[in-house]
file work_14.cif (mmCIF, C-alpha atoms)
data_work
loop_
_atom_site.label_atom_id
_atom_site.label_comp_id
_atom_site.auth_asym_id
_atom_site.auth_seq_id
_atom_site.Cartn_x
_atom_site.Cartn_y
_atom_site.Cartn_z
CA MET Y 1 90.96 68.45 80.62
CA LYS Y 2 91.70 67.16 77.13
CA ILE Y 3 93.81 64.08 76.30
CA ALA Y 4 96.55 66.29 74.84
CA ASP Y 5 96.92 68.16 78.13
CA ALA Y 6 96.80 64.97 80.20
CA ALA Y 7 99.57 63.56 77.99
CA ASP Y 8 101.77 66.53 78.90
CA LEU Y 9 101.11 65.94 82.61
CA ILE Y 10 101.33 62.15 82.87
CA ASP Y 11 105.05 62.07 83.76
CA ARG Y 12 104.42 64.25 86.81
CA PHE Y 13 102.09 61.78 88.51
CA SER Y 14 103.59 58.57 89.92
CA ARG Y 15 100.15 57.02 90.45
CA PHE Y 16 99.12 57.21 86.79
CA THR Y 17 100.55 55.31 83.84
CA SER Y 18 97.54 55.77 81.57
CA VAL Y 19 96.80 59.12 79.95
CA GLU Y 20 93.12 58.16 79.69
CA ASN Y 21 92.91 57.40 83.43
CA LEU Y 22 94.58 60.69 84.33
CA GLU Y 23 92.21 62.59 82.06
CA ARG Y 24 89.23 60.82 83.63
CA ARG Y 25 90.41 61.69 87.15
CA LEU Y 26 91.05 65.33 86.30
CA ARG Y 27 87.56 65.60 84.83
CA GLU Y 28 86.10 64.07 88.02
CA LEU Y 29 87.91 66.67 90.12
CA ASN Y 30 86.83 69.54 87.83
CA PRO Y 31 83.20 68.70 86.97
CA SER Y 32 82.16 72.23 85.99
CA ILE Y 33 84.98 72.58 83.48
CA ALA Y 34 84.30 69.10 82.11
CA ALA Y 35 80.57 69.88 81.72
CA LEU Y 36 81.34 73.14 79.92
CA GLU Y 37 83.69 71.33 77.55
CA ASP Y 38 81.05 68.69 76.83
CA ILE Y 39 78.45 71.38 76.05
CA ALA Y 40 80.83 73.13 73.64
CA ILE Y 41 81.63 69.87 71.84
CA LYS Y 42 77.94 68.96 71.59
CA LYS Y 43 77.06 72.36 70.10
CA GLY Y 44 80.04 72.40 67.76
CA ILE Y 45 81.59 75.43 69.47
CA GLU Y 46 85.31 75.83 68.84
CA ILE Y 47 87.41 75.49 72.00
CA ARG Y 48 90.50 77.67 71.94
CA GLU Y 49 93.29 77.63 74.49
CA ALA Y 50 93.59 80.91 76.39
CA PHE Y 51 97.35 81.11 76.68
CA GLN Y 52 99.98 83.81 76.44
CA GLY Y 53 100.03 85.59 73.08
CA GLU Y 54 96.58 84.43 71.94
CA PRO Y 55 93.95 87.04 70.95
CA ILE Y 56 90.51 87.43 72.51
CA GLY Y 57 88.75 89.97 70.32
CA GLU Y 58 90.72 93.20 70.64
CA PHE Y 59 92.56 91.87 73.67
CA VAL Y 60 95.71 89.75 73.80
CA ILE Y 61 96.56 87.31 76.60
CA LEU Y 62 99.66 88.19 78.65
CA SER Y 63 99.42 85.29 81.13
CA PRO Y 64 99.45 82.38 81.73
CA SER Y 65 101.79 80.66 79.31
CA ARG Y 66 100.91 77.05 78.53
CA GLU Y 67 103.96 75.84 80.47
CA ARG Y 68 103.03 77.89 83.54
CA TYR Y 69 99.44 76.66 83.35
CA LEU Y 70 100.54 73.01 83.38
CA ASP Y 71 102.78 73.70 86.38
CA LEU Y 72 99.85 75.30 88.19
CA ILE Y 73 97.62 72.30 87.51
CA VAL Y 74 100.15 70.07 89.26
CA ASP Y 75 100.41 72.50 92.19
CA SER Y 76 96.64 72.96 92.45
CA ASP Y 77 94.54 71.74 95.37
CA ARG Y 78 92.71 69.68 92.75
CA THR Y 79 95.65 67.50 91.72
CA PRO Y 80 94.84 63.79 92.08
CA GLU Y 81 97.71 62.67 94.30
CA GLU Y 82 97.44 65.09 97.22
CA LYS Y 83 93.84 66.20 97.05
CA LYS Y 84 92.80 64.88 100.47
CA GLU Y 85 95.77 66.37 102.31
CA GLN Y 86 95.45 69.71 100.54
CA THR Y 87 91.69 69.81 101.10
CA VAL Y 88 92.27 69.49 104.84
CA THR Y 89 94.88 72.23 104.61
CA ALA Y 90 92.48 74.43 102.68
CA GLU Y 91 89.75 73.86 105.27
CA ALA Y 92 92.14 74.74 108.07
CA TYR Y 93 93.21 77.86 106.24
CA GLY Y 94 89.56 78.80 105.77
CA LEU Y 95 89.01 78.62 109.53
CA LEU Y 96 92.08 80.75 110.13
CA GLU Y 97 90.92 83.27 107.55
CA THR Y 98 87.51 83.49 109.24
CA ALA Y 99 89.19 84.06 112.58
CA PHE Y 100 91.42 86.70 111.02
CA LYS Y 101 88.43 88.57 109.65
CA LYS Y 102 86.93 88.79 113.12
CA ALA Y 103 90.14 89.96 114.76
CA VAL Y 104 91.75 92.14 112.07
CA ASP Y 105 93.65 95.15 113.36
CA PHE Y 106 94.22 98.40 111.54
CA ILE Y 107 97.17 100.74 111.71
CA LYS Y 108 97.42 104.37 110.77
CA GLY Y 109 99.76 105.18 107.92
CA VAL Y 110 101.14 108.29 106.30
CA TRP Y 111 100.95 108.77 102.53
CA GLY Y 112 103.04 106.08 100.82
CA ASP Y 113 102.98 103.47 103.58
CA GLU Y 114 101.97 100.05 102.24
CA ASN Y 115 101.39 96.80 104.11
CA PHE Y 116 100.55 93.88 101.85
CA SER Y 117 100.22 90.24 102.89
CA ASN Y 118 103.28 87.97 102.72
CA GLN Y 119 101.05 84.99 101.83
CA GLU Y 120 100.83 83.85 98.23
CA THR Y 121 97.54 83.41 96.41
CA SER Y 122 96.33 80.00 95.24
CA SER Y 123 97.42 78.15 92.11
CA GLU Y 124 93.84 78.44 90.84
CA ASN Y 125 94.00 82.23 91.08
CA GLU Y 126 97.37 82.32 89.35
CA MET Y 127 95.72 80.51 86.41
CA SER Y 128 93.58 83.61 85.77
CA VAL Y 129 93.78 84.99 82.25
CA ILE Y 130 95.40 88.45 82.17
CA GLN Y 131 94.37 90.42 79.08
CA PHE Y 132 95.61 93.67 77.55
CA ALA Y 133 94.18 95.91 74.84
CA GLU Y 134 94.66 99.47 73.66
CA LEU Y 135 91.25 100.93 72.84
CA CYS Y 136 90.61 104.57 71.90
CA GLY Y 137 94.19 105.35 72.86
CA LYS Y 138 93.72 103.88 76.37
CA LYS Y 139 95.76 100.96 77.69
CA ILE Y 140 93.44 98.52 79.47
CA LEU Y 141 94.47 95.60 81.70
CA LEU Y 142 92.05 92.89 82.90
CA THR Y 143 93.46 90.73 85.69
CA GLY Y 144 90.74 88.40 86.99
CA ASP Y 145 91.97 86.81 90.24
CA ALA Y 146 95.64 86.82 89.19
CA GLY Y 147 98.32 86.96 91.87
CA ARG Y 148 101.80 88.41 92.02
CA VAL Y 149 103.46 85.61 90.04
CA ALA Y 150 100.97 85.87 87.17
CA LEU Y 151 101.22 89.67 87.13
CA SER Y 152 105.01 89.44 87.00
CA ASP Y 153 104.86 86.90 84.17
CA ALA Y 154 102.47 89.20 82.30
CA ALA Y 155 104.83 92.14 82.76
CA ASP Y 156 107.70 90.04 81.37
CA PHE Y 157 105.63 89.32 78.26
CA ALA Y 158 104.27 92.86 77.81
CA PRO Y 159 107.08 94.06 75.49
CA MET Y 160 106.21 91.22 73.09
CA VAL Y 161 102.88 92.96 72.35
CA GLY Y 162 104.35 96.46 72.24
CA LEU Y 163 103.34 97.42 75.78
CA GLU Y 164 105.94 99.54 77.54
CA LEU Y 165 105.75 99.61 81.32
CA PRO Y 166 104.98 101.30 83.59
CA GLY Y 167 101.82 102.86 82.28
CA ILE Y 168 98.22 101.59 82.28
CA ASP Y 169 95.16 103.81 81.82
CA ARG Y 170 92.48 101.45 83.13
CA MET Y 171 93.27 98.45 85.32
CA GLN Y 172 91.10 95.89 87.04
CA ILE Y 173 92.25 95.44 90.64
CA PRO Y 174 92.74 91.67 90.97
CA HIS Y 175 90.66 89.36 93.15
CA HIS Y 176 88.29 91.93 94.63
CA GLY Y 177 91.19 93.85 96.15
CA SER Y 178 92.89 91.05 98.13
CA ARG Y 179 96.17 91.88 99.89
CA ARG Y 180 97.69 88.60 98.69
CA ASN Y 181 97.49 89.45 94.99
CA VAL Y 182 99.66 92.56 94.70
CA SER Y 183 102.84 93.97 96.19
CA THR Y 184 104.76 97.22 96.13
CA GLU Y 185 107.14 95.73 93.55
CA VAL Y 186 104.33 94.52 91.26
CA LEU Y 187 102.48 97.85 91.42
CA ASP Y 188 105.72 99.76 90.74
CA ARG Y 189 106.33 97.65 87.67
CA TRP Y 190 102.88 98.11 86.17
CA LEU Y 191 101.96 101.59 87.34
CA GLY Y 192 105.19 103.35 88.28
CA ARG Y 193 106.61 104.39 91.62
CA LYS Y 194 104.60 106.07 94.37
CA LEU Y 195 103.82 109.73 93.92
CA PRO Y 196 105.35 112.12 96.47
CA VAL Y 197 101.98 113.65 97.35
CA LYS Y 198 98.33 112.73 96.95
CA PRO Y 199 96.83 114.04 93.71
CA ALA Y 200 93.95 116.48 94.00
CA LYS Y 201 90.51 115.09 93.17
CA GLY Y 202 90.11 115.05 89.39
CA GLU Y 203 93.86 115.08 88.78
CA GLU Y 204 94.41 111.31 89.08
CA THR Y 205 96.50 109.80 86.29
CA PHE Y 206 94.60 106.53 85.65
CA THR Y 207 91.52 104.55 86.70
CA ALA Y 208 91.45 101.34 88.74
CA ILE Y 209 88.23 99.31 88.95
CA VAL Y 210 87.44 96.82 91.72
CA SER Y 211 84.47 94.47 92.08
CA ALA Y 212 83.26 92.97 95.34
CA ALA Y 213 80.06 91.35 96.56
CA LYS Y 214 77.34 93.61 97.93
CA ASP Y 215 77.69 92.30 101.49
CA ASP Y 216 81.47 91.93 101.45
CA ASP Y 217 82.67 94.58 103.87
CA ASP Y 218 86.26 93.25 103.83
CA HIS Y 219 87.02 93.99 100.17
CA PRO Y 220 88.67 95.82 98.67
CA ARG Y 221 91.34 95.76 101.37
CA LYS Y 222 92.40 99.18 102.56
CA ALA Y 223 96.06 98.41 101.91
CA VAL Y 224 95.27 97.68 98.27
CA VAL Y 225 93.23 100.85 97.82
CA ARG Y 226 96.16 102.79 99.27
CA GLY Y 227 98.64 101.05 96.97
CA PHE Y 228 96.76 102.00 93.81
CA ALA Y 229 96.07 105.52 95.08
CA HIS Y 230 99.78 106.04 95.82
CA ARG Y 231 100.43 105.67 92.09
CA GLY Y 232 97.77 108.15 91.03
CA ALA Y 233 94.64 106.00 90.67
CA ALA Y 234 91.06 107.15 90.71
CA ILE Y 235 89.52 104.01 92.21
CA LYS Y 236 86.00 102.92 91.23
CA GLN Y 237 84.04 100.04 92.75
CA THR Y 238 80.93 98.11 91.73
CA LYS Y 239 79.97 96.54 95.10
CA GLY Y 240 77.54 94.01 93.66
CA LYS Y 241 75.87 96.35 91.18
CA ALA Y 242 76.00 96.78 87.40
CA LEU Y 243 77.77 100.13 87.20
CA ARG Y 244 79.85 101.86 84.54
CA THR Y 245 83.04 103.79 84.04
CA SER Y 246 83.73 105.12 80.56
CA HIS Y 247 85.86 107.35 78.35
CA ASN Y 248 84.28 109.86 75.94
CA ALA Y 249 80.98 107.98 76.06
CA PRO Y 250 77.46 109.35 76.63
CA ASP Y 251 75.54 108.67 79.82
CA ARG Y 252 73.21 105.67 79.86
CA ASP Y 253 69.91 105.79 81.72
CA ASP Y 254 70.13 102.16 82.78
CA TRP Y 255 73.74 102.29 84.03
CA SER Y 256 74.82 104.47 86.94
CA ALA Y 257 78.37 105.72 87.25
CA ALA Y 258 80.59 103.68 89.57
CA PRO Y 259 81.37 105.60 92.77
CA SER Y 260 84.91 106.45 93.83
CA VAL Y 261 86.64 104.82 96.78
CA GLU Y 262 88.01 107.30 99.25
CA TYR Y 263 91.65 107.07 100.31
CA PRO Y 264 91.84 105.27 103.67
CA GLU Y 265 94.10 106.77 106.33
CA ASP Y 266 94.57 103.34 107.93
CA GLN Y 267 95.22 99.83 106.64
CA GLU Y 268 95.30 96.22 107.75
CA ALA Y 269 98.13 95.44 110.19
#
call {"tool": "encode", "arguments": {"input": "work_14.cif", "output": "structure tokens"}}
result
Amino acid sequence: MKIADAADLIDRFSRFTSVENLERRLRELNPSIAALEDIAIKKGIEIREAFQGEPIGEFVILSPSRERYLDLIVDSDRTPEEKKEQTVTAEAYGLLETAFKKAVDFIKGVWGDENFSNQETSSENEMSVIQFAELCGKKILLTGDAGRVALSDAADFAPMVGLELPGIDRMQIPHHGSRRNVSTEVLDRWLGRKLPVKPAKGEETFTAIVSAAKDDDDHPRKAVVRGFAHRGAAIKQTKGKALRTSHNAPDRDDWSAAPSVEYPEDQEA
């Protein structure tokens, strides 16, 4: 956390009157980020802010804006004033989540039924950089761990970079396919409304890619797979491996094609 950013935040913290002290505390609470910044400074590597409208190679950032990012820092579990209380809350939530995983129920659903979580994702996830590029005539969206708020902000900004919605050709499913990161409204906005019938295999209209750990049997969530499929997605997953999905590119001996995820007839209750 640089002095300039701490100066923008100082008025939001009643405990701090010194920008330098606030910066020091934020660095203590975010040691990995602070260490990375120190390495970049030592090596003379330029540090650029990854905010809305900034380019990253061929990509452009759609979210977060700088203002939203500062708001999220204050709301984060890592803010100085309420860290202890929020850490306890986070630990309690972790226990509940573990219990939920053991007792999750599934319900059958007809084509088009969607049951996403009503819980919001964390401030840290909403800080994720959402990037868009059009490459080889294909519109590509990278989402990281972004949640519904960030995806909505990105959609608001999309016209500023000439992106008309709905309509994405290749989209990363956020946060390993968590139910808390998307909603029917968000998917409608980015991908269009649900199709009346399931497309035949090979007739999908776009590709969605999801990554999850090799031993993570809970992700992607079935409800999320259904949501993307309802809008015409061919869904590919990596599941802890280095796999590929491509457009008009030759096969590579050292990269296997990512397998498709089958449409689940049930979903989380």
call {"tool": "residues_near_point", "arguments": {"input": "work_14.cif", "point": "(90.8, 104.1, 90.4)", "cutoff": "10 Å", "atoms": "only C-alpha atoms", "output": "ChimeraX atom specification"}}
result
/Y:169-173,204-210,225,228-229,231-237,259-262
call {"tool": "residues_around", "arguments": {"input": "work_14.cif", "residues": "stretch 122-136 of chain Y", "least_positions_apart": "4", "cutoff": "7 Å", "atoms": "only C-alpha atoms", "output": "number ranges by chain"}}
result
Y: 58-64, 69, 72, 75-76, 140-147, 149-150
call {"tool": "atom_distance", "arguments": {"input": "work_14.cif", "atom1": "atom CA of Y:Leu187", "atom2": "atom CA of Y:Val161"}}
result
19.7 Å
call {"tool": "atom_distance", "arguments": {"input": "work_14.cif", "atom1": "atom CA of Y:Ile73", "atom2": "atom CA of Y:Val224"}}
result
27.7 Å
call {"tool": "resolve_selection", "arguments": {"input": "work_14.cif", "expression": "the PyMOL selection byres ((chain Y and resi 266) around 10)", "output": "count of residues only"}}
result
18
call {"tool": "resolve_selection", "arguments": {"input": "work_14.cif", "expression": "the PyMOL selection byres ((chain Y and resi 183) around 10)", "output": "PDB file with C-alpha atoms, keeping the file's coordinate frame"}}
result
ATOM      1  CA  GLU Y 114     101.970 100.050 102.240  1.00  0.00           C
ATOM      2  CA  ASN Y 115     101.390  96.800 104.110  1.00  0.00           C
ATOM      3  CA  PHE Y 116     100.550  93.880 101.850  1.00  0.00           C
ATOM      4  CA  SER Y 117     100.220  90.240 102.890  1.00  0.00           C
ATOM      5  CA  ASN Y 118     103.280  87.970 102.720  1.00  0.00           C
ATOM      6  CA  GLY Y 147      98.320  86.960  91.870  1.00  0.00           C
ATOM      7  CA  ARG Y 148     101.800  88.410  92.020  1.00  0.00           C
ATOM      8  CA  ARG Y 179      96.170  91.880  99.890  1.00  0.00           C
ATOM      9  CA  ARG Y 180      97.690  88.600  98.690  1.00  0.00           C
ATOM     10  CA  ASN Y 181      97.490  89.450  94.990  1.00  0.00           C
ATOM     11  CA  VAL Y 182      99.660  92.560  94.700  1.00  0.00           C
ATOM     12  CA  THR Y 184     104.760  97.220  96.130  1.00  0.00           C
ATOM     13  CA  GLU Y 185     107.140  95.730  93.550  1.00  0.00           C
ATOM     14  CA  VAL Y 186     104.330  94.520  91.260  1.00  0.00           C
ATOM     15  CA  LEU Y 187     102.480  97.850  91.420  1.00  0.00           C
ATOM     16  CA  ASP Y 188     105.720  99.760  90.740  1.00  0.00           C
ATOM     17  CA  ARG Y 189     106.330  97.650  87.670  1.00  0.00           C
ATOM     18  CA  ALA Y 223      96.060  98.410 101.910  1.00  0.00           C
ATOM     19  CA  VAL Y 224      95.270  97.680  98.270  1.00  0.00           C
ATOM     20  CA  GLY Y 227      98.640 101.050  96.970  1.00  0.00           C
TER      21      GLY Y 227
END
call {"tool": "residues_around", "arguments": {"input": "work_14.cif", "residues": "Y:Glu37", "least_positions_apart": "6", "cutoff": "12 Å", "atoms": "all atoms listed in the file", "output": "list of chain:residue names"}}
result
Y:Met1, Y:Lys2, Y:Arg27, Y:Asn30, Y:Pro31, Y:Lys43, Y:Gly44, Y:Ile45, Y:Glu46, Y:Ile47, Y:Arg48, Y:Glu49
call {"tool": "atom_distance", "arguments": {"input": "work_14.cif", "atom1": "atom CA of Y:Thr17", "atom2": "atom CA of Y:Ala35"}}
result
24.8 Å
call {"tool": "build_atoms", "arguments": {"input": "work_14.cif", "residues": "stretch 158-180 of chain Y", "atoms": "N, CA and C atoms", "output": "tab-separated table (two decimals), keeping the file's coordinate frame"}}
result
chain	number	residue	atom	x	y	z
Y	158	ALA	N	104.85	91.62	78.35
Y	158	ALA	CA	104.27	92.86	77.81
Y	158	ALA	C	105.03	93.44	76.62
Y	159	PRO	N	106.38	93.50	76.65
Y	159	PRO	CA	107.08	94.06	75.49
Y	159	PRO	C	106.83	93.30	74.19
Y	160	MET	N	106.46	92.02	74.29
Y	160	MET	CA	106.21	91.22	73.09
Y	160	MET	C	104.97	91.69	72.34
Y	161	VAL	N	104.09	92.43	73.02
Y	161	VAL	CA	102.88	92.96	72.35
Y	161	VAL	C	102.95	94.48	72.25
Y	162	GLY	N	104.16	95.03	72.41
Y	162	GLY	CA	104.35	96.46	72.24
Y	162	GLY	C	103.92	97.30	73.43
Y	163	LEU	N	103.75	96.68	74.59
Y	163	LEU	CA	103.34	97.42	75.78
Y	163	LEU	C	104.57	97.78	76.61
Y	164	GLU	N	104.83	99.06	76.73
Y	164	GLU	CA	105.94	99.54	77.54
Y	164	GLU	C	105.44	99.89	78.94
Y	165	LEU	N	106.13	99.37	79.93
Y	165	LEU	CA	105.75	99.61	81.32
Y	165	LEU	C	106.79	100.50	82.00
Y	166	PRO	N	106.34	101.25	83.05
Y	166	PRO	CA	104.98	101.30	83.59
Y	166	PRO	C	104.07	102.17	82.73
Y	167	GLY	N	102.77	102.02	82.97
Y	167	GLY	CA	101.82	102.86	82.28
Y	167	GLY	C	100.59	102.14	81.81
Y	168	ILE	N	99.51	102.16	82.63
Y	168	ILE	CA	98.22	101.59	82.28
Y	168	ILE	C	97.16	102.66	82.56
Y	169	ASP	N	96.19	102.79	81.66
Y	169	ASP	CA	95.16	103.81	81.82
Y	169	ASP	C	93.94	103.31	82.60
Y	170	ARG	N	93.60	102.04	82.40
Y	170	ARG	CA	92.48	101.45	83.13
Y	170	ARG	C	92.87	100.03	83.53
Y	171	MET	N	92.82	99.75	84.83
Y	171	MET	CA	93.27	98.45	85.32
Y	171	MET	C	92.26	97.87	86.29
Y	172	GLN	N	91.93	96.61	86.08
Y	172	GLN	CA	91.10	95.89	87.04
Y	172	GLN	C	91.97	95.50	88.23
Y	173	ILE	N	91.55	95.86	89.43
Y	173	ILE	CA	92.25	95.44	90.64
Y	173	ILE	C	91.96	93.96	90.86
Y	174	PRO	N	93.00	93.11	90.94
Y	174	PRO	CA	92.74	91.67	90.97
Y	174	PRO	C	92.06	91.18	92.24
Y	175	HIS	N	91.26	90.15	92.06
Y	175	HIS	CA	90.66	89.36	93.15
Y	175	HIS	C	89.96	90.21	94.20
Y	176	HIS	N	89.14	91.13	93.74
Y	176	HIS	CA	88.29	91.93	94.63
Y	176	HIS	C	89.08	92.82	95.58
Y	177	GLY	N	90.37	93.00	95.30
Y	177	GLY	CA	91.19	93.85	96.15
Y	177	GLY	C	91.85	93.11	97.30
Y	178	SER	N	92.22	91.84	97.09
Y	178	SER	CA	92.89	91.05	98.13
Y	178	SER	C	94.33	91.51	98.33
Y	179	ARG	N	94.78	91.48	99.57
Y	179	ARG	CA	96.17	91.88	99.89
Y	179	ARG	C	97.20	90.87	99.41
Y	180	ARG	N	96.75	89.64	99.10
Y	180	ARG	CA	97.69	88.60	98.69
Y	180	ARG	C	98.02	88.64	97.20
